[in-house]
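Colleague: Supplied structure: start_24.txt, compact mmCIF, C-alpha atoms (C1' of nucleotides).
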```txt
# COMPACT_ATOMS: atom_id res chain seq x y z
CA MET A 250 37.51 -87.53 -13.99
CA THR A 251 39.26 -90.83 -13.30
CA ILE A 252 40.59 -92.39 -16.49
CA ASP A 253 39.87 -96.05 -15.91
CA ARG A 254 42.85 -97.59 -17.57
CA PRO A 255 42.62 -101.41 -17.73
CA LEU A 256 43.63 -103.22 -14.57
CA ARG A 257 46.79 -105.21 -14.53
CA ALA A 258 46.15 -108.95 -14.90
CA ASP A 259 46.95 -109.89 -11.31
CA ALA A 260 45.00 -106.94 -9.99
CA ALA A 261 41.92 -107.98 -11.92
CA ARG A 262 42.25 -111.53 -10.63
CA ASN A 263 42.59 -110.33 -7.07
CA ARG A 264 39.71 -107.95 -7.41
CA SER A 265 37.32 -110.63 -8.53
CA SER A 266 38.34 -113.12 -5.87
CA LEU A 267 38.07 -110.30 -3.35
CA LEU A 268 34.51 -109.59 -4.41
CA ALA A 269 33.62 -113.25 -4.25
CA ALA A 270 35.15 -113.63 -0.81
CA ALA A 271 33.44 -110.49 0.43
CA ALA A 272 30.07 -111.75 -0.78
CA GLU A 273 30.51 -115.02 1.08
CA GLU A 274 31.81 -113.41 4.22
CA PHE A 275 29.11 -110.74 4.33
CA ALA A 276 26.53 -113.46 3.78
CA LEU A 277 27.88 -115.42 6.73
CA HIS A 278 28.44 -112.64 9.22
CA GLY A 279 26.48 -109.67 7.94
CA PRO A 280 28.02 -106.24 7.50
CA ASP A 281 30.19 -106.88 10.56
CA ALA A 282 32.35 -109.38 8.74
CA SER A 283 35.92 -108.30 9.27
CA VAL A 284 38.15 -107.08 6.49
CA ALA A 285 40.92 -109.36 7.69
CA ASP A 286 38.68 -112.41 7.31
CA ILE A 287 37.63 -111.34 3.85
CA ALA A 288 41.24 -110.86 2.80
CA ARG A 289 42.20 -114.24 4.19
CA ARG A 290 39.35 -115.94 2.36
CA ALA A 291 40.36 -114.22 -0.85
CA GLY A 292 43.96 -115.26 -0.33
CA ILE A 293 45.27 -111.71 -0.48
CA GLY A 294 46.77 -109.26 1.97
CA LYS A 295 44.65 -106.88 3.94
CA GLY A 296 46.36 -103.90 2.38
CA THR A 297 45.25 -105.06 -1.05
CA VAL A 298 41.65 -104.88 0.01
CA PHE A 299 42.03 -101.20 0.79
CA ARG A 300 43.82 -100.59 -2.47
CA HIS A 301 40.78 -101.83 -4.36
CA PHE A 302 38.20 -100.23 -2.10
CA PRO A 303 39.19 -97.23 -0.04
CA THR A 304 36.84 -98.20 2.74
CA LYS A 305 35.06 -101.27 3.99
CA ASP A 306 31.75 -99.62 3.21
CA ASP A 307 32.79 -99.20 -0.39
CA LEU A 308 33.50 -102.89 -0.61
CA LEU A 309 30.13 -103.71 0.86
CA ALA A 310 28.51 -101.28 -1.54
CA ALA A 311 30.17 -102.98 -4.48
CA VAL A 312 28.91 -106.38 -3.40
CA VAL A 313 25.43 -105.06 -2.81
CA LEU A 314 25.44 -103.27 -6.14
CA ASP A 315 25.82 -106.60 -7.93
CA ARG A 316 22.75 -107.99 -6.21
CA ILE A 317 20.72 -104.90 -6.88
CA ASP A 318 21.50 -104.90 -10.57
CA ASP A 319 20.71 -108.58 -10.66
CA LEU A 320 17.36 -108.09 -8.98
CA ALA A 321 16.50 -105.11 -11.15
CA ALA A 322 17.16 -107.15 -14.29
CA LEU A 323 14.92 -109.91 -13.00
CA ALA A 324 12.17 -107.46 -12.17
CA GLN A 325 12.34 -105.99 -15.63
CA ARG A 326 12.12 -109.43 -17.18
CA LEU A 327 9.10 -110.28 -15.05
CA THR A 328 7.10 -107.20 -16.02
CA ALA A 329 6.48 -108.97 -19.31
CA ALA A 330 5.01 -112.09 -17.69
CA SER A 331 1.42 -112.99 -18.48
CA ASP A 332 0.32 -113.65 -14.89
CA ALA A 333 1.18 -110.43 -13.08
CA GLY A 334 0.36 -111.80 -9.63
CA ALA A 335 2.57 -114.82 -10.08
CA ALA A 336 5.29 -112.57 -11.45
CA LEU A 337 5.30 -110.45 -8.30
CA LEU A 338 5.43 -113.54 -6.12
CA GLU A 339 8.27 -114.94 -8.17
CA PHE A 340 10.14 -111.70 -7.78
CA MET A 341 9.70 -111.67 -4.03
CA GLU A 342 10.86 -115.26 -3.88
CA ALA A 343 13.96 -114.39 -5.85
CA ALA A 344 14.65 -111.40 -3.64
CA ALA A 345 14.32 -113.45 -0.48
CA GLY A 346 16.49 -116.18 -1.94
CA ARG A 347 19.20 -113.68 -2.84
CA GLN A 348 18.95 -112.08 0.52
CA GLN A 349 19.68 -115.41 2.09
CA GLN A 350 23.07 -115.20 0.50
CA LEU A 351 23.62 -111.65 1.56
CA ASP A 352 21.84 -109.43 3.96
CA LEU A 353 20.62 -106.86 1.50
CA SER A 354 20.31 -103.93 3.78
CA PHE A 355 20.64 -101.72 0.78
CA LEU A 356 17.60 -99.74 1.74
CA ARG A 357 19.24 -98.07 4.67
CA GLU A 358 21.07 -94.79 4.52
CA SER A 359 19.14 -92.38 2.42
CA GLY A 360 22.31 -90.39 2.94
CA GLU A 361 24.85 -91.25 0.31
CA ILE A 362 27.72 -93.58 0.76
CA ASN A 363 27.81 -94.24 -2.91
CA ALA A 364 26.11 -92.38 -5.73
CA ARG A 365 26.23 -95.33 -8.10
CA LEU A 366 24.46 -97.47 -5.56
CA ALA A 367 21.80 -94.85 -4.98
CA THR A 368 20.86 -94.69 -8.65
CA ALA A 369 20.86 -98.48 -8.98
CA ARG A 370 18.53 -98.63 -6.02
CA GLU A 371 16.22 -96.07 -7.58
CA HIS A 372 16.15 -98.12 -10.74
CA LEU A 373 15.27 -101.27 -8.84
CA PHE A 374 12.53 -99.40 -7.01
CA THR A 375 10.83 -98.22 -10.16
CA GLU A 376 10.92 -101.74 -11.60
CA ILE A 377 9.32 -103.11 -8.46
CA ILE A 378 6.66 -100.45 -8.47
CA ALA A 379 5.83 -101.41 -12.04
CA LEU A 380 5.48 -105.07 -11.00
CA VAL A 381 3.18 -104.12 -8.16
CA THR A 382 1.02 -101.88 -10.28
CA ARG A 383 0.56 -104.59 -12.86
CA ALA A 384 -0.37 -107.11 -10.20
CA GLN A 385 -2.93 -104.69 -8.83
CA GLU A 386 -4.43 -104.09 -12.24
CA ALA A 387 -4.73 -107.84 -12.62
CA GLY A 388 -6.62 -107.98 -9.32
CA ALA A 389 -3.99 -110.23 -7.70
CA ILE A 390 -2.91 -107.72 -5.09
CA ARG A 391 -4.95 -105.43 -2.87
CA THR A 392 -4.98 -101.83 -4.02
CA ASP A 393 -3.98 -100.21 -0.75
CA ILE A 394 -0.45 -101.58 -1.09
CA SER A 395 2.37 -99.42 -2.37
CA GLY A 396 5.55 -100.47 -4.12
CA MET A 397 7.44 -99.42 -1.04
CA ASP A 398 5.42 -101.87 1.04
CA VAL A 399 6.56 -104.71 -1.17
CA ILE A 400 10.14 -103.53 -1.06
CA LEU A 401 10.08 -103.47 2.70
CA LEU A 402 8.20 -106.73 3.15
CA MET A 403 10.34 -108.76 0.80
CA CYS A 404 13.16 -108.40 3.30
CA ALA A 405 11.12 -109.80 6.18
CA PRO A 406 11.05 -113.58 5.61
CA ASN A 407 14.77 -114.02 6.00
CA HIS A 408 14.89 -111.89 9.08
CA VAL A 409 12.09 -113.88 10.62
CA VAL A 410 13.89 -117.12 9.87
CA SER A 411 17.14 -115.83 11.33
CA PHE A 412 15.62 -116.24 14.78
CA VAL A 413 15.13 -119.98 14.58
CA PRO A 414 18.15 -121.97 15.77
CA ASN A 415 18.91 -124.30 12.88
CA PRO A 416 16.67 -123.01 10.12
CA SER A 417 15.95 -125.19 7.16
CA PRO A 418 17.27 -123.33 4.12
CA ASP A 419 13.80 -123.11 2.61
CA LEU A 420 11.90 -122.07 5.70
CA TRP A 421 11.73 -118.49 4.49
CA ARG A 422 9.29 -119.69 1.81
CA ARG A 423 6.73 -120.35 4.50
CA TYR A 424 6.81 -116.79 5.79
CA LEU A 425 6.89 -115.29 2.35
CA GLY A 426 3.76 -117.34 1.71
CA ILE A 427 2.02 -115.88 4.74
CA ILE A 428 3.09 -112.34 3.93
CA PHE A 429 2.08 -112.67 0.32
CA ASP A 430 -1.34 -113.91 1.40
CA GLY A 431 -1.56 -110.69 3.38
CA LEU A 432 -1.13 -108.83 0.13
CA ARG A 433 -4.05 -110.56 -1.57
CA PRO A 434 -7.38 -108.76 -1.88
CA GLU A 435 -9.42 -111.55 -0.30
CA GLY A 436 -10.10 -110.92 3.35
CA ALA A 437 -8.00 -107.77 3.48
CA GLN A 438 -8.84 -105.37 6.28
CA ALA A 439 -8.32 -101.63 6.06
CA LEU A 440 -4.75 -100.84 7.03
CA PRO A 441 -4.30 -98.79 10.19
CA TYR A 442 -1.55 -96.57 8.82
CA PRO A 443 -0.70 -95.02 5.44
CA ALA A 444 2.26 -96.12 3.36
CA PRO A 445 5.56 -94.30 3.88
CA MET B 172 23.19 -121.19 47.18
CA THR B 173 23.57 -117.43 47.23
CA ILE B 174 21.83 -115.90 50.22
CA ASP B 175 20.29 -112.79 48.73
CA ARG B 176 20.63 -110.43 51.60
CA PRO B 177 18.92 -107.08 50.93
CA LEU B 178 20.87 -104.64 48.80
CA ARG B 179 22.33 -101.58 50.35
CA ALA B 180 20.27 -98.47 49.62
CA ASP B 181 22.75 -96.90 47.20
CA ALA B 182 23.26 -100.21 45.46
CA ALA B 183 19.56 -100.66 44.91
CA ARG B 184 19.27 -97.14 43.55
CA ASN B 185 22.15 -97.68 41.19
CA ARG B 186 20.84 -100.99 40.06
CA SER B 187 17.50 -99.61 39.05
CA SER B 188 18.92 -96.62 37.22
CA LEU B 189 21.35 -99.00 35.54
CA LEU B 190 18.52 -101.16 34.30
CA ALA B 191 16.63 -98.13 33.04
CA ALA B 192 19.68 -96.78 31.26
CA ALA B 193 20.44 -100.16 29.75
CA ALA B 194 16.89 -100.49 28.43
CA GLU B 195 17.12 -97.10 26.73
CA GLU B 196 20.57 -97.67 25.35
CA PHE B 197 19.77 -101.14 24.04
CA ALA B 198 16.63 -99.73 22.47
CA LEU B 199 18.65 -97.08 20.68
CA HIS B 200 21.63 -99.08 19.54
CA GLY B 201 20.60 -102.69 19.79
CA PRO B 202 22.66 -105.30 21.61
CA ASP B 203 25.83 -103.52 20.49
CA ALA B 204 25.25 -100.61 22.82
CA SER B 205 28.46 -100.14 24.77
CA VAL B 206 28.71 -100.73 28.49
CA ALA B 207 30.52 -97.42 28.88
CA ASP B 208 27.60 -95.55 27.33
CA ILE B 209 25.12 -97.35 29.53
CA ALA B 210 27.14 -96.51 32.63
CA ARG B 211 27.40 -92.88 31.59
CA ARG B 212 23.68 -92.65 31.01
CA ALA B 213 23.01 -94.23 34.38
CA GLY B 214 25.44 -91.81 36.02
CA ILE B 215 27.57 -94.57 37.51
CA GLY B 216 31.03 -95.95 36.91
CA LYS B 217 31.68 -98.73 34.47
CA GLY B 218 33.02 -100.94 37.24
CA THR B 219 29.70 -100.69 39.03
CA VAL B 220 27.94 -102.12 36.01
CA PHE B 221 30.06 -105.24 36.22
CA ARG B 222 29.52 -105.47 39.94
CA HIS B 223 25.79 -105.79 39.34
CA PHE B 224 26.01 -107.98 36.26
CA PRO B 225 29.10 -110.09 35.74
CA THR B 226 28.81 -109.79 31.99
CA LYS B 227 27.23 -107.50 29.45
CA ASP B 228 25.10 -110.40 28.26
CA ASP B 229 23.74 -110.83 31.76
CA LEU B 230 22.70 -107.20 31.79
CA LEU B 231 20.99 -107.59 28.44
CA ALA B 232 19.31 -110.73 29.68
CA ALA B 233 17.97 -108.90 32.73
CA VAL B 234 16.49 -106.15 30.58
CA VAL B 235 14.97 -108.65 28.18
CA LEU B 236 13.59 -110.71 31.05
CA ASP B 237 11.48 -107.75 32.16
CA ARG B 238 9.90 -107.45 28.76
CA ILE B 239 9.28 -111.15 28.47
CA ASP B 240 7.52 -111.35 31.80
CA ASP B 241 5.52 -108.31 30.87
CA LEU B 242 4.44 -109.84 27.58
CA ALA B 243 3.66 -113.18 29.15
CA ALA B 244 1.39 -111.51 31.69
CA LEU B 245 -0.41 -109.67 28.92
CA ALA B 246 -0.84 -112.87 26.92
CA GLN B 247 -2.29 -114.63 29.92
CA ARG B 248 -4.73 -111.78 30.50
CA LEU B 249 -5.81 -111.89 26.86
CA THR B 250 -6.59 -115.61 26.83
CA ALA B 251 -9.74 -114.71 28.72
CA ALA B 252 -10.95 -112.21 26.11
CA SER B 253 -14.24 -112.89 24.38
CA ASP B 254 -13.03 -112.22 20.83
CA ALA B 255 -10.09 -114.57 20.41
CA GLY B 256 -9.06 -113.16 17.06
CA ALA B 257 -8.99 -109.59 18.33
CA ALA B 258 -7.10 -110.79 21.39
CA LEU B 259 -4.33 -112.27 19.28
CA LEU B 260 -4.11 -109.11 17.21
CA GLU B 261 -3.95 -107.03 20.35
CA PHE B 262 -1.18 -109.18 21.67
CA MET B 263 0.84 -108.86 18.50
CA GLU B 264 0.34 -105.11 18.60
CA ALA B 265 1.58 -104.97 22.14
CA ALA B 266 4.58 -107.12 21.29
CA ALA B 267 5.51 -104.93 18.35
CA GLY B 268 5.04 -101.81 20.44
CA ARG B 269 7.32 -103.17 23.14
CA GLN B 270 9.84 -104.27 20.62
CA GLN B 271 10.03 -100.75 19.36
CA GLN B 272 11.53 -99.83 22.69
CA LEU B 273 13.90 -102.74 22.72
CA ASP B 274 15.02 -105.11 20.07
CA LEU B 275 13.62 -108.26 21.57
CA SER B 276 15.97 -110.75 20.06
CA PHE B 277 15.20 -113.05 22.92
CA LEU B 278 14.45 -115.91 20.61
CA ARG B 279 18.03 -116.40 19.56
CA GLU B 280 20.46 -118.70 21.30
CA SER B 281 18.75 -121.94 22.09
CA GLY B 282 22.02 -122.45 23.94
CA GLU B 283 21.84 -121.03 27.42
CA ILE B 284 23.13 -117.71 28.50
CA ASN B 285 20.69 -117.62 31.32
CA ALA B 286 18.48 -120.33 32.72
CA ARG B 287 15.97 -117.90 34.20
CA LEU B 288 15.52 -116.29 30.82
CA ALA B 289 15.05 -119.64 29.13
CA THR B 290 12.19 -120.66 31.40
CA ALA B 291 10.54 -117.24 31.10
CA ARG B 292 10.72 -117.60 27.36
CA GLU B 293 9.15 -121.04 27.51
CA HIS B 294 6.36 -119.64 29.62
CA LEU B 295 5.72 -116.85 27.15
CA PHE B 296 5.69 -119.35 24.31
CA THR B 297 3.03 -121.54 25.87
CA GLU B 298 0.87 -118.49 26.53
CA ILE B 299 1.17 -117.42 22.93
CA ILE B 300 0.36 -120.88 21.68
CA ALA B 301 -2.77 -120.82 23.78
CA LEU B 302 -3.79 -117.49 22.25
CA VAL B 303 -3.23 -118.84 18.76
CA THR B 304 -5.15 -122.02 19.39
CA ARG B 305 -8.12 -120.10 20.72
CA ALA B 306 -8.08 -117.78 17.72
CA GLN B 307 -8.05 -120.79 15.43
CA GLU B 308 -10.96 -122.39 17.23
CA ALA B 309 -12.86 -119.15 16.80
CA GLY B 310 -12.16 -119.29 13.07
CA ALA B 311 -10.26 -116.00 13.11
CA ILE B 312 -6.92 -117.49 12.12
CA ARG B 313 -6.09 -120.06 9.48
CA THR B 314 -5.41 -123.52 10.86
CA ASP B 315 -2.08 -124.14 9.16
CA ILE B 316 -0.41 -121.58 11.40
CA SER B 317 1.58 -122.64 14.45
CA GLY B 318 2.27 -120.68 17.60
CA MET B 319 5.86 -120.47 16.54
CA ASP B 320 4.82 -118.74 13.34
CA VAL B 321 3.15 -116.01 15.34
CA ILE B 322 6.13 -115.68 17.64
CA LEU B 323 8.41 -115.23 14.69
CA LEU B 324 6.16 -112.93 12.73
CA MET B 325 5.37 -110.59 15.57
CA CYS B 326 9.00 -109.47 15.41
CA ALA B 327 8.81 -108.59 11.73
CA PRO B 328 6.96 -105.24 11.60
CA ASN B 329 9.58 -103.35 13.52
CA HIS B 330 12.38 -104.81 11.50
CA VAL B 331 10.64 -103.85 8.31
CA VAL B 332 10.16 -100.32 9.54
CA SER B 333 13.79 -100.04 10.58
CA PHE B 334 14.70 -99.78 6.92
CA VAL B 335 12.80 -96.58 6.26
CA PRO B 336 14.84 -93.43 6.89
CA ASN B 337 12.67 -91.43 9.28
CA PRO B 338 9.94 -93.86 10.21
CA SER B 339 6.79 -92.55 11.76
CA PRO B 340 6.55 -94.16 15.20
CA ASP B 341 3.32 -95.91 14.27
CA LEU B 342 4.31 -97.17 10.85
CA TRP B 343 4.82 -100.68 12.19
CA ARG B 344 1.05 -100.90 12.58
CA ARG B 345 0.69 -100.91 8.82
CA TYR B 346 2.91 -103.94 8.39
CA LEU B 347 1.44 -105.76 11.30
CA GLY B 348 -1.90 -105.20 9.59
CA ILE B 349 -0.68 -106.78 6.38
CA ILE B 350 0.95 -109.69 8.16
CA PHE B 351 -2.10 -110.29 10.30
CA ASP B 352 -4.25 -110.34 7.17
CA GLY B 353 -1.94 -113.09 5.95
CA LEU B 354 -2.93 -115.08 9.00
CA ARG B 355 -6.65 -114.87 8.27
CA PRO B 356 -8.41 -117.83 6.73
CA GLU B 357 -9.93 -115.86 3.84
CA GLY B 358 -7.87 -116.17 0.68
CA ALA B 359 -5.16 -118.22 2.33
CA GLN B 360 -3.09 -120.34 -0.02
CA ALA B 361 -1.41 -123.58 0.98
CA LEU B 362 1.95 -122.77 2.57
CA PRO B 363 4.99 -124.03 0.68
CA TYR B 364 6.88 -125.18 3.74
CA PRO B 365 5.98 -126.74 7.11
CA ALA B 366 6.31 -124.88 10.41
CA PRO B 367 9.60 -125.19 12.30
C1' DA C 279 31.09 -91.86 66.79
C1' DG C 280 33.44 -95.60 65.29
C1' DT C 281 34.13 -99.62 62.53
C1' DG C 282 33.96 -103.13 59.10
C1' DA C 283 31.87 -104.60 55.16
C1' DA C 284 29.70 -103.41 50.99
C1' DA C 285 29.66 -100.67 47.07
C1' DC C 286 31.88 -97.47 44.00
C1' DG C 287 34.71 -95.66 40.15
C1' DG C 288 38.04 -95.05 36.80
C1' DA C 289 42.65 -96.24 35.41
C1' DC C 290 44.11 -100.11 33.29
C1' DC C 291 44.54 -104.61 30.41
C1' DG C 292 44.27 -107.46 26.30
C1' DC C 293 41.96 -107.92 22.24
C1' DC C 294 40.09 -106.82 17.95
C1' DT C 295 38.78 -103.51 14.46
C1' DG C 296 39.25 -100.45 10.19
C1' DG C 297 42.72 -98.19 8.02
C1' DT C 298 47.92 -96.65 6.73
C1' DC C 299 52.50 -97.10 4.93
C1' DA C 300 56.98 -98.00 3.17
C1' DA C 301 59.56 -101.77 1.54
C1' DC C 302 59.09 -105.20 -1.75
C1' DT C 303 57.36 -107.91 -6.05
C1' DT C 304 55.36 -108.26 -10.52
C1' DG C 305 53.23 -107.13 -14.90
C1' DT C 306 53.81 -104.37 -18.92
C1' DT C 307 55.89 -101.94 -22.41
C1' DA C 308 59.54 -100.51 -25.63
C1' DT D 293 65.78 -107.50 -21.15
C1' DA D 294 65.72 -103.35 -18.83
C1' DA D 295 63.19 -100.24 -16.32
C1' DC D 296 59.27 -98.13 -14.43
C1' DA D 297 54.76 -97.97 -12.91
C1' DA D 298 51.31 -100.66 -10.80
C1' DG D 299 50.26 -103.77 -7.40
C1' DT D 300 51.08 -106.41 -3.09
C1' DT D 301 52.03 -107.13 1.63
C1' DG D 302 52.06 -107.51 6.66
C1' DA D 303 53.73 -104.87 10.37
C1' DC D 304 51.88 -101.10 12.44
C1' DC D 305 48.61 -97.40 14.36
C1' DA D 306 44.80 -95.30 16.88
C1' DG D 307 40.53 -96.09 18.84
C1' DG D 308 36.94 -98.66 21.02
C1' DC D 309 35.46 -102.76 23.16
C1' DG D 310 34.37 -105.99 27.37
C1' DG D 311 36.20 -106.93 31.56
C1' DT D 312 39.49 -106.48 35.90
C1' DC D 313 41.40 -104.44 40.00
C1' DC D 314 42.28 -101.89 43.87
C1' DG D 315 42.33 -97.52 46.40
C1' DT D 316 38.50 -94.78 48.00
C1' DT D 317 33.87 -93.70 49.59
C1' DT D 318 29.53 -94.74 51.69
C1' DC D 319 26.24 -97.20 54.12
C1' DA D 320 24.50 -99.76 58.19
C1' DC D 321 24.91 -101.35 62.64
C1' DT D 322 26.30 -100.95 67.55
```
Let me see the file written as structure tokens.
Modeller:
Amino acid sequence: MTIDRPLRADAARNRSSLLAAAAEEFALHGPDASVADIARRAGIGKGTVFRHFPTKDDLLAAVVLDRIDDLAALAQRLTAASDAGAALLEFMEAAAGRQQQLDLSFLRESGEINARLATAREHLFTEIIALVTRAQEAGAIRTDISGMDVILLMCAPNHVVSFVPNPSPDLWRRYLGIIFDGLRPEGAQALPYPAP
Amino acid sequence: MTIDRPLRADAARNRSSLLAAAAEEFALHGPDASVADIARRAGIGKGTVFRHFPTKDDLLAAVVLDRIDDLAALAQRLTAASDAGAALLEFMEAAAGRQQQLDLSFLRESGEINARLATAREHLFTEIIALVTRAQEAGAIRTDISGMDVILLMCAPNHVVSFVPNPSPDLWRRYLGIIFDGLRPEGAQALPYPAP
DNA sequence: AGTGAAACGGACCGCCTGGTCAACTTGTTA
DNA sequence: TAACAAGTTGACCAGGCGGTCCGTTTCACT
């Protein structure tokens, strides 16, 4: 319905610096980062922010969308890797590393803020499920794990680290290591509850 | 310094219903629950809340303190269990179950909001470390795990579950199962980063 | 029953937030 | 270069927050 005529030069410039500023600010303060701070960091007026994105949530969605597409592309690339177990680990590392830059709470809200985001998320999910299935077929991952489990668990290391006062920037790797070991077949116990 | 003369009957009543209301409200909405809502739920005026606790953070600290003491007592009880590995698992289950009722972000803020809370936390930590050490001596837990690792990881299952839309109330058990399997010696890989 | 202190409650304050708007500036096009 | 649409801006708004204050109520003690 909307004819997307090309943006004016200054508008395009502002839009991109706005997105960059929003990414940084959301990374620093989570979804509670204030629009005023984002505008200040981008060097534009607050009103301009709302011209580009009608709502703060839309801005957040746009930032998150970038990361999702990025992750989905990586996942797709990794499905071709020879070592399927290592590929899944590499993906989870990448996801945790990205999340460090931005709290990717893109899994929340089954209800729709943004249709585009919902489909991108679905796409990412199917790529991840493919990675997991391949890793299971290779015997690298226990078979009672679902793709959803991986999706949920890949968010955990950064959260865990957020509790320690002055976390080393690579500390999340430790907890991803532990969690990934929990996904291995060796020494796995029957899980007390089915996957969601 | 403060002589704690006994509370008047109505004050004591209000205080306890305030604490109960605060626990529920914090459980529902996290630390951002509003004082007005808590007061309404407790059936008292907002001013009364601040009479009992000079600051919202003090109220939160009081609620959290209860849980910490509770957990510490449980940990102490479990150090006497015969199966040290099962004892640690049971403790982590209890911690996750409690956390479901209240986001126990009591690990944050090395800086002091509340001295009483800080010492209670230290006490809990030493109890947990004892549990972990015993489990390691029994061979149930890999030896490259620190007490701090367990403290951090026991918070993860609930966070993970918070991402799924309508989580079953026991779903956290699944992820605790996976994480606990990551703590077992079988199939453990060298961790890529030292403990904090 | 009377009295003083303790406790109560809600109107109120200052602050900050997401979002709006009308006056102004700037890029584009002919 | 003229003129119009597109874009920008910061003052402004309503609403919600933590926290204060003081007139009123309630308890406890004699």
Colleague: CA of His408 in chain A and CA of Arg391 in chain A are how many Å apart?
Modeller: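 Those two atoms sit 24.0 Å apart.
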Colleague: Report the closest atom pair, with its distance in Å rounded to one decimal, for each residue of chain B that has an atom no farther than 9 Å from chain C; count all atoms listed in the file, sort by chain and then rising residue number, and write it as a tab-separated table.
Modeller:
```
residue	atom	partner	partner_atom	distance
B:Arg179	CA	C:DA284	C1'	7.6
B:Asp181	CA	C:DA285	C1'	7.9
B:Ala182	CA	C:DA285	C1'	6.6
B:Ile215	CA	C:DG287	C1'	7.7
B:Gly216	CA	C:DG287	C1'	4.9
B:Lys217	CA	C:DG287	C1'	7.1
B:Gly218	CA	C:DG287	C1'	6.3
B:Thr219	CA	C:DC286	C1'	6.3
B:Arg222	CA	C:DA285	C1'	8.6
```
Colleague: As an exercise, work out the distance from CA of Leu420 in chain A to CA of Thr382 in chain A in Å and give it to one decimal place.
Modeller: 28.0 Å
Colleague: Find the residues around Pro363 in chain B up to 12 Å (all atoms listed in the file counted), leave out those fewer than 5 positions away in its own chain, and share them as a list in words.
Modeller: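 That gives Glu342, Asp419, Leu420, Trp421, Arg422, Arg423, Tyr424, Leu425, Gly426, Ile427, Phe429 and Asp430 of chain A; Asp315 of chain B.
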Colleague: Quote the spacing between CA of Leu267 in chain A and CA of Phe334 in chain B in Å to one decimal place.
Modeller: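 About the pair CA of Leu267 in chain A and CA of Phe334 in chain B: they are 27.6 Å apart.
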Colleague: Per residue of chain B within 12 Å of chain D, what are the shortest atom pair and its distance in Å to one decimal, counting only C-alpha atoms (C1' of nucleotides), with rows by chain and residue number, as a Markdown table?
Modeller:
```
| residue | atom | partner | partner_atom | distance |
| --- | --- | --- | --- | --- |
| B:Pro177 | CA | D:DA320 | C1' | 11.7 |
| B:Leu178 | CA | D:DC319 | C1' | 10.6 |
| B:Arg179 | CA | D:DC319 | C1' | 7.0 |
| B:Ala180 | CA | D:DC319 | C1' | 7.6 |
| B:Asp181 | CA | D:DC319 | C1' | 7.8 |
| B:Ala182 | CA | D:DC319 | C1' | 9.6 |
| B:Ala183 | CA | D:DC319 | C1' | 11.9 |
| B:Asp203 | CA | D:DC309 | C1' | 10.0 |
| B:Ala204 | CA | D:DC309 | C1' | 10.4 |
| B:Ser205 | CA | D:DC309 | C1' | 7.6 |
| B:Val206 | CA | D:DG310 | C1' | 7.8 |
| B:Ala207 | CA | D:DC309 | C1' | 9.3 |
| B:Asp208 | CA | D:DC309 | C1' | 11.5 |
| B:Lys217 | CA | D:DG311 | C1' | 9.8 |
| B:Gly218 | CA | D:DT312 | C1' | 8.6 |
| B:Thr219 | CA | D:DG311 | C1' | 11.7 |
| B:Val220 | CA | D:DG311 | C1' | 10.5 |
| B:Phe221 | CA | D:DG311 | C1' | 7.9 |
| B:Arg222 | CA | D:DT312 | C1' | 10.8 |
| B:Phe224 | CA | D:DG311 | C1' | 11.3 |
| B:Pro225 | CA | D:DG311 | C1' | 8.8 |
| B:Thr226 | CA | D:DG311 | C1' | 7.9 |
| B:Lys227 | CA | D:DG310 | C1' | 7.6 |
| B:Asp228 | CA | D:DG310 | C1' | 10.3 |
```
Colleague: Would you pick out the contacts of Arg347 in chain A at 12 Å or less, using only C-alpha atoms (C1' of nucleotides), so that residues sharing its chain but fewer than 3 positions from it are not included, and give the list as a compact mmCIF listing (two decimals) with C-alpha atoms, keeping the file's coordinate frame?
Modeller:
```txt
# COMPACT_ATOMS: atom_id res chain seq x y z
CA ALA A 272 30.07 -111.75 -0.78
CA ALA A 276 26.53 -113.46 3.78
CA VAL A 313 25.43 -105.06 -2.81
CA ASP A 315 25.82 -106.60 -7.93
CA ARG A 316 22.75 -107.99 -6.21
CA ILE A 317 20.72 -104.90 -6.88
CA ASP A 318 21.50 -104.90 -10.57
CA ASP A 319 20.71 -108.58 -10.66
CA LEU A 320 17.36 -108.09 -8.98
CA LEU A 323 14.92 -109.91 -13.00
CA PHE A 340 10.14 -111.70 -7.78
CA MET A 341 9.70 -111.67 -4.03
CA GLU A 342 10.86 -115.26 -3.88
CA ALA A 343 13.96 -114.39 -5.85
CA ALA A 344 14.65 -111.40 -3.64
CA GLN A 350 23.07 -115.20 0.50
CA LEU A 351 23.62 -111.65 1.56
CA ASP A 352 21.84 -109.43 3.96
CA LEU A 353 20.62 -106.86 1.50
CA SER A 354 20.31 -103.93 3.78
CA MET A 403 10.34 -108.76 0.80
CA CYS A 404 13.16 -108.40 3.30
CA PRO A 406 11.05 -113.58 5.61
CA ASN A 407 14.77 -114.02 6.00
CA TRP A 421 11.73 -118.49 4.49
```
Colleague: Please determine, counting all atoms listed in the file, which residue among B:Gly214, B:Ala258, B:His200, B:Ala286 has the shortest atom-to-atom distance to Arg186 in chain B.
Modeller: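 Of all the options, B:Gly214 lies closest to Arg186 in chain B.
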Colleague: Measuring between only C-alpha atoms, which one of B:Ala255, B:Ala267, B:Ala233, B:Ala243 shows the shortest distance to Thr297 in chain B?
Modeller: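 When distances to Thr297 in chain B are compared using only C-alpha atoms, the smallest one comes from B:Ala243.
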